[in-house]
Amino acid sequence: MAANRNLKQVRIENSSPAAPLGMVGGGGGGGNLKGLRGLETEKGGDEEQEVGFTIDIKSFLKPGEKSYTQRCRLFVGNLPTDITEEDFKRLFERYGEPSEVFINRDRGFGFIRLESRTLAEIAKAELDGTILKSRPLRIRFATHGAALTVKNLSPVVSNELLEQAFSQFGPVERAVVVVDDRGRATGKGFVEFAAKPPARKALERCSDGAFLLTTTPRPVVVEPMEQFDDEDGLPEKLMQKTQQYHKEREQPPRFAQPGTFEFEYASRWKALDEMEKQQREQVDRNIREAKEKLEAEMEAARHEHQLMLMRQDLMRRQEELRRLEELRNQELQKRKQIQLRHEEEHRRREEEMLRQREQEELRRQQEGGFKPNFMDN
């Protein structure tokens, strides 16, 4: 296999017995195989002896990485129609225990999900192009059907906040805020769910409503993620050799000569492309200015809203003070009435006591006037 040139022998150790990993590294997986390097050869006399090492597959999980996610799912095409599930699993047995195995024998393809992304990359780099029953296998990463693109993100949104926000719709495998080459947020990100139903739920809820992630009323825009293959691209061996293909390939790559038919129409293509570029830049400027205007209006509206709330609070406090003043006046009036009643009662009692004393005095006077007459008799 051409993809296996300059590869070295290592062993991967799992919790269950596994066969030694054959040829790994090289090809498209070299960037993720740093942990596999270090295999050297020792020369003893005329013989060369390989010195390998054993690796636990758990070391292929990055810190915080979840296992058996959609990113670890491989598409295997051009399978023999008579392949069995056992043969298919045996093909990947040295890369750990899979959690999903699916085969469509009629159409000659299948899917398998490995424990980590790194193991899937190793399996892809090693097995892509392998001849199985006179048929070269075609291995690609499977399309993630539960991934969403999230736009209009605030600069203060992080990966963790994005995952926390969308976890209310269902289990999230990965959430990433896209940054530029300086690490600054671009306002875009993506969320990968573990299944399609929560992704559809998130898409519907965010399309119908306004999903806010921060204090600023800046709703996120959620769309299905466009799937691209920017790793393998379109190799020559997969090109369909149609009549148009042969016609277009008659001429080799070249620069058009000035004054020729090719140069004239090539210049018109470039002019059209330049016009498209200018129009896109103008649209981007218009959108940027509209966003800045909206943010300014939103800030002014926030201040106005705060002033309105302050006025309402002031009016509420004034109304509360007025009500308290009325209650105080009512209480003072009540106390005054009670005091007047007490004074009236006290005056009445004094008058009653004075009347009784006068009557008592009069009675004594009368009794005193009769006594001398009695003595005289």
# chains A, B, ... in the order shown; residues from 1 in each chain; ligands from 1

call {"tool": "select_by_dssp", "arguments": {"residues": "segment 21-226 of chain A", "states": "strand (DSSP E or B)", "output": "ChimeraX atom specification"}}
result
/A:23-24,40-44,47-51,54-56,73-77,100-104,109-113,131-132,135-136,138-141,147-151,172-179,185-193,212,219,221-224

call {"tool": "residues_around", "arguments": {"residues": "Gln168 of chain A", "least_positions_apart": "2", "cutoff": "12 Å", "atoms": "only C-alpha atoms", "output": "list in words"}}
result
Leu161, Leu162, Glu163, Gln164, Ala165, Phe166, Gly170, Pro171, Val172, Phe193, Pro198, Ala199, Lys201, Ala202, Arg205 and Phe211 of chain A

call {"tool": "write_last_selection", "arguments": {"atoms": "all heavy atoms", "output": "compact mmCIF listing (two decimals), in the first residue's frame"}}
result
# COMPACT_ATOMS: atom_id res chain seq x y z
N LEU A 161 -19.19 28.33 27.40
CA LEU A 161 -20.51 28.97 27.45
C LEU A 161 -21.38 28.51 26.30
O LEU A 161 -22.59 28.29 26.47
CB LEU A 161 -20.35 30.50 27.41
CG LEU A 161 -21.65 31.32 27.40
CD1 LEU A 161 -22.49 30.99 28.63
CD2 LEU A 161 -21.36 32.81 27.32
N LEU A 162 -20.79 28.34 25.12
CA LEU A 162 -21.55 27.87 23.96
C LEU A 162 -22.09 26.47 24.21
O LEU A 162 -23.26 26.18 23.91
CB LEU A 162 -20.65 27.90 22.72
CG LEU A 162 -21.32 27.60 21.38
CD1 LEU A 162 -22.39 28.64 21.06
CD2 LEU A 162 -20.28 27.56 20.27
N GLU A 163 -21.26 25.60 24.77
CA GLU A 163 -21.73 24.24 25.07
C GLU A 163 -22.81 24.25 26.15
O GLU A 163 -23.81 23.54 26.05
CB GLU A 163 -20.55 23.37 25.51
CG GLU A 163 -20.95 21.94 25.85
CD GLU A 163 -19.77 21.06 26.19
OE1 GLU A 163 -18.62 21.55 26.10
OE2 GLU A 163 -19.97 19.88 26.55
N GLN A 164 -22.61 25.06 27.18
CA GLN A 164 -23.60 25.15 28.25
C GLN A 164 -24.95 25.65 27.72
O GLN A 164 -26.01 25.15 28.11
CB GLN A 164 -23.09 26.08 29.35
CG GLN A 164 -24.08 26.34 30.47
CD GLN A 164 -23.60 27.42 31.42
OE1 GLN A 164 -22.47 27.89 31.31
NE2 GLN A 164 -24.44 27.80 32.35
N ALA A 165 -24.90 26.63 26.83
CA ALA A 165 -26.14 27.21 26.31
C ALA A 165 -26.93 26.20 25.49
O ALA A 165 -28.16 26.10 25.62
CB ALA A 165 -25.82 28.45 25.48
N PHE A 166 -26.26 25.43 24.65
CA PHE A 166 -26.96 24.51 23.75
C PHE A 166 -27.19 23.13 24.38
O PHE A 166 -27.86 22.30 23.77
CB PHE A 166 -26.19 24.37 22.44
CG PHE A 166 -26.42 25.50 21.49
CD1 PHE A 166 -25.69 26.68 21.59
CD2 PHE A 166 -27.40 25.42 20.51
CE1 PHE A 166 -25.91 27.74 20.73
CE2 PHE A 166 -27.62 26.48 19.63
CZ PHE A 166 -26.88 27.64 19.75
N GLY A 170 -30.09 19.07 24.31
CA GLY A 170 -29.67 17.67 24.28
C GLY A 170 -28.17 17.57 24.47
O GLY A 170 -27.45 18.58 24.55
N PRO A 171 -27.66 16.33 24.55
CA PRO A 171 -26.21 16.14 24.76
C PRO A 171 -25.37 16.74 23.64
O PRO A 171 -25.64 16.51 22.47
CB PRO A 171 -26.06 14.60 24.81
CG PRO A 171 -27.43 14.09 25.11
CD PRO A 171 -28.39 15.06 24.50
N VAL A 172 -24.37 17.53 24.03
CA VAL A 172 -23.47 18.17 23.07
C VAL A 172 -22.12 17.47 23.12
O VAL A 172 -21.54 17.29 24.19
CB VAL A 172 -23.30 19.67 23.40
CG1 VAL A 172 -22.25 20.30 22.48
CG2 VAL A 172 -24.63 20.40 23.25
N PHE A 193 -23.96 17.99 18.13
CA PHE A 193 -24.79 17.22 19.04
C PHE A 193 -24.50 15.74 18.87
O PHE A 193 -23.95 15.29 17.86
CB PHE A 193 -26.27 17.49 18.79
CG PHE A 193 -26.73 18.86 19.25
CD1 PHE A 193 -26.72 19.93 18.39
CD2 PHE A 193 -27.17 19.04 20.55
CE1 PHE A 193 -27.14 21.18 18.81
CE2 PHE A 193 -27.59 20.28 20.99
CZ PHE A 193 -27.57 21.36 20.12
N PRO A 198 -31.97 16.44 18.95
CA PRO A 198 -31.68 17.70 19.66
C PRO A 198 -31.17 18.80 18.73
O PRO A 198 -31.43 19.98 18.97
CB PRO A 198 -30.62 17.30 20.69
CG PRO A 198 -30.05 16.02 20.21
CD PRO A 198 -31.15 15.34 19.48
N ALA A 199 -30.46 18.42 17.65
CA ALA A 199 -30.00 19.43 16.69
C ALA A 199 -31.19 20.07 15.98
O ALA A 199 -31.23 21.30 15.80
CB ALA A 199 -29.04 18.79 15.68
N LYS A 201 -34.21 20.26 17.17
CA LYS A 201 -34.90 21.05 18.19
C LYS A 201 -34.24 22.41 18.37
O LYS A 201 -34.91 23.45 18.44
CB LYS A 201 -34.93 20.28 19.51
CG LYS A 201 -35.65 21.01 20.63
CD LYS A 201 -35.63 20.17 21.90
CE LYS A 201 -36.31 20.90 23.06
NZ LYS A 201 -36.25 20.09 24.31
N ALA A 202 -32.91 22.42 18.46
CA ALA A 202 -32.18 23.67 18.63
C ALA A 202 -32.39 24.57 17.41
O ALA A 202 -32.58 25.79 17.55
CB ALA A 202 -30.70 23.39 18.83
N ARG A 205 -36.06 25.96 17.56
CA ARG A 205 -36.28 26.91 18.65
C ARG A 205 -35.56 28.23 18.38
O ARG A 205 -36.10 29.31 18.63
CB ARG A 205 -35.78 26.31 19.97
CG ARG A 205 -36.62 25.16 20.51
CD ARG A 205 -37.93 25.66 21.09
NE ARG A 205 -37.71 26.67 22.11
CZ ARG A 205 -37.41 26.40 23.38
NH1 ARG A 205 -37.27 25.14 23.77
NH2 ARG A 205 -37.25 27.37 24.25
N PHE A 211 -32.71 33.56 20.79
CA PHE A 211 -31.90 32.89 21.80
C PHE A 211 -30.72 33.79 22.15
O PHE A 211 -29.86 34.06 21.31
CB PHE A 211 -31.42 31.54 21.26
CG PHE A 211 -30.78 30.66 22.30
CD1 PHE A 211 -31.17 30.72 23.63
CD2 PHE A 211 -29.78 29.76 21.95
CE1 PHE A 211 -30.58 29.92 24.59
CE2 PHE A 211 -29.20 28.95 22.90
CZ PHE A 211 -29.61 29.03 24.22

call {"tool": "select_by_dssp", "arguments": {"residues": "segment 57-155 of chain A", "states": "alpha helix (DSSP H)", "output": "list in words"}}
result
Glu85, Glu86, Asp87, Phe88, Lys89, Arg90, Leu91, Arg117, Thr118, Leu119, Ala120, Glu121, Ile122, Ala123, Lys124, Ala125, Glu126 and Leu127 of chain A

call {"tool": "closest_residue", "arguments": {"among": "A:Leu212, A:Met239, A:Leu321, A:Ala194", "to": "Gly145 of chain A", "atoms": "only C-alpha atoms"}}
result
A:Ala194

call {"tool": "residues_around", "arguments": {"residues": "Glu295 of chain A", "least_positions_apart": "4", "cutoff": "10 Å", "atoms": "only C-alpha atoms", "output": "VMD selection string"}}
result
chain A and resid 216 to 218 289 to 291 299 to 301

call {"tool": "write_last_selection", "arguments": {"atoms": "all heavy atoms", "output": "PDB file, in the first residue's frame"}}
result
ATOM      1  N   THR A 216     -26.439  41.410  26.585  1.00  0.00           N
ATOM      2  CA  THR A 216     -26.862  42.191  25.419  1.00  0.00           C
ATOM      3  C   THR A 216     -27.893  41.407  24.606  1.00  0.00           C
ATOM      4  O   THR A 216     -27.698  40.224  24.328  1.00  0.00           O
ATOM      5  CB  THR A 216     -25.647  42.509  24.528  1.00  0.00           C
ATOM      6  OG1 THR A 216     -24.675  43.210  25.304  1.00  0.00           O
ATOM      7  CG2 THR A 216     -26.061  43.357  23.336  1.00  0.00           C
ATOM      8  N   PRO A 217     -29.003  42.052  24.227  1.00  0.00           N
ATOM      9  CA  PRO A 217     -30.028  41.341  23.429  1.00  0.00           C
ATOM     10  C   PRO A 217     -29.576  41.101  22.000  1.00  0.00           C
ATOM     11  O   PRO A 217     -30.102  41.675  21.044  1.00  0.00           O
ATOM     12  CB  PRO A 217     -31.238  42.290  23.502  1.00  0.00           C
ATOM     13  CG  PRO A 217     -30.656  43.629  23.728  1.00  0.00           C
ATOM     14  CD  PRO A 217     -29.431  43.423  24.575  1.00  0.00           C
ATOM     15  N   ARG A 218     -28.570  40.252  21.862  1.00  0.00           N
ATOM     16  CA  ARG A 218     -27.979  39.935  20.558  1.00  0.00           C
ATOM     17  C   ARG A 218     -28.245  38.459  20.272  1.00  0.00           C
ATOM     18  O   ARG A 218     -27.500  37.584  20.711  1.00  0.00           O
ATOM     19  CB  ARG A 218     -26.483  40.227  20.599  1.00  0.00           C
ATOM     20  CG  ARG A 218     -25.740  39.981  19.316  1.00  0.00           C
ATOM     21  CD  ARG A 218     -24.287  40.405  19.484  1.00  0.00           C
ATOM     22  NE  ARG A 218     -23.492  40.183  18.298  1.00  0.00           N
ATOM     23  CZ  ARG A 218     -22.247  40.597  18.149  1.00  0.00           C
ATOM     24  NH1 ARG A 218     -21.662  41.264  19.131  1.00  0.00           N
ATOM     25  NH2 ARG A 218     -21.579  40.350  17.043  1.00  0.00           N
ATOM     26  N   GLU A 289     -21.931  48.543   8.903  1.00  0.00           N
ATOM     27  CA  GLU A 289     -22.472  49.829   9.337  1.00  0.00           C
ATOM     28  C   GLU A 289     -23.854  49.657   9.958  1.00  0.00           C
ATOM     29  O   GLU A 289     -24.184  50.324  10.955  1.00  0.00           O
ATOM     30  CB  GLU A 289     -22.543  50.784   8.140  1.00  0.00           C
ATOM     31  CG  GLU A 289     -21.177  51.203   7.609  1.00  0.00           C
ATOM     32  CD  GLU A 289     -21.290  52.032   6.336  1.00  0.00           C
ATOM     33  OE1 GLU A 289     -22.443  52.226   5.866  1.00  0.00           O
ATOM     34  OE2 GLU A 289     -20.239  52.466   5.814  1.00  0.00           O
ATOM     35  N   ALA A 290     -24.663  48.776   9.372  1.00  0.00           N
ATOM     36  CA  ALA A 290     -25.996  48.539   9.940  1.00  0.00           C
ATOM     37  C   ALA A 290     -25.891  47.938  11.341  1.00  0.00           C
ATOM     38  O   ALA A 290     -26.664  48.290  12.240  1.00  0.00           O
ATOM     39  CB  ALA A 290     -26.797  47.618   9.018  1.00  0.00           C
ATOM     40  N   LYS A 291     -24.930  47.037  11.529  1.00  0.00           N
ATOM     41  CA  LYS A 291     -24.745  46.443  12.854  1.00  0.00           C
ATOM     42  C   LYS A 291     -24.282  47.494  13.863  1.00  0.00           C
ATOM     43  O   LYS A 291     -24.760  47.518  15.010  1.00  0.00           O
ATOM     44  CB  LYS A 291     -23.733  45.301  12.776  1.00  0.00           C
ATOM     45  CG  LYS A 291     -24.264  44.042  12.102  1.00  0.00           C
ATOM     46  CD  LYS A 291     -23.235  42.934  12.137  1.00  0.00           C
ATOM     47  CE  LYS A 291     -23.794  41.647  11.537  1.00  0.00           C
ATOM     48  NZ  LYS A 291     -22.799  40.536  11.556  1.00  0.00           N
ATOM     49  N   GLU A 299     -27.877  50.634  22.456  1.00  0.00           N
ATOM     50  CA  GLU A 299     -27.300  51.243  23.651  1.00  0.00           C
ATOM     51  C   GLU A 299     -28.132  52.435  24.100  1.00  0.00           C
ATOM     52  O   GLU A 299     -28.398  52.605  25.301  1.00  0.00           O
ATOM     53  CB  GLU A 299     -25.860  51.674  23.353  1.00  0.00           C
ATOM     54  CG  GLU A 299     -25.059  52.064  24.576  1.00  0.00           C
ATOM     55  CD  GLU A 299     -24.788  50.894  25.493  1.00  0.00           C
ATOM     56  OE1 GLU A 299     -24.822  49.741  25.009  1.00  0.00           O
ATOM     57  OE2 GLU A 299     -24.538  51.128  26.687  1.00  0.00           O
ATOM     58  N   ALA A 300     -28.550  53.263  23.123  1.00  0.00           N
ATOM     59  CA  ALA A 300     -29.403  54.399  23.477  1.00  0.00           C
ATOM     60  C   ALA A 300     -30.744  53.939  24.040  1.00  0.00           C
ATOM     61  O   ALA A 300     -31.253  54.501  25.019  1.00  0.00           O
ATOM     62  CB  ALA A 300     -29.624  55.283  22.242  1.00  0.00           C
ATOM     63  N   ALA A 301     -31.292  52.900  23.425  1.00  0.00           N
ATOM     64  CA  ALA A 301     -32.562  52.369  23.929  1.00  0.00           C
ATOM     65  C   ALA A 301     -32.393  51.784  25.324  1.00  0.00           C
ATOM     66  O   ALA A 301     -33.299  51.897  26.162  1.00  0.00           O
ATOM     67  CB  ALA A 301     -33.098  51.299  22.967  1.00  0.00           C
TER      68      ALA A 301
END

call {"tool": "atom_distance", "arguments": {"atom1": "atom CA of Glu126 of chain A", "atom2": "atom CA of Arg105 of chain A"}}
result
22.7 Å
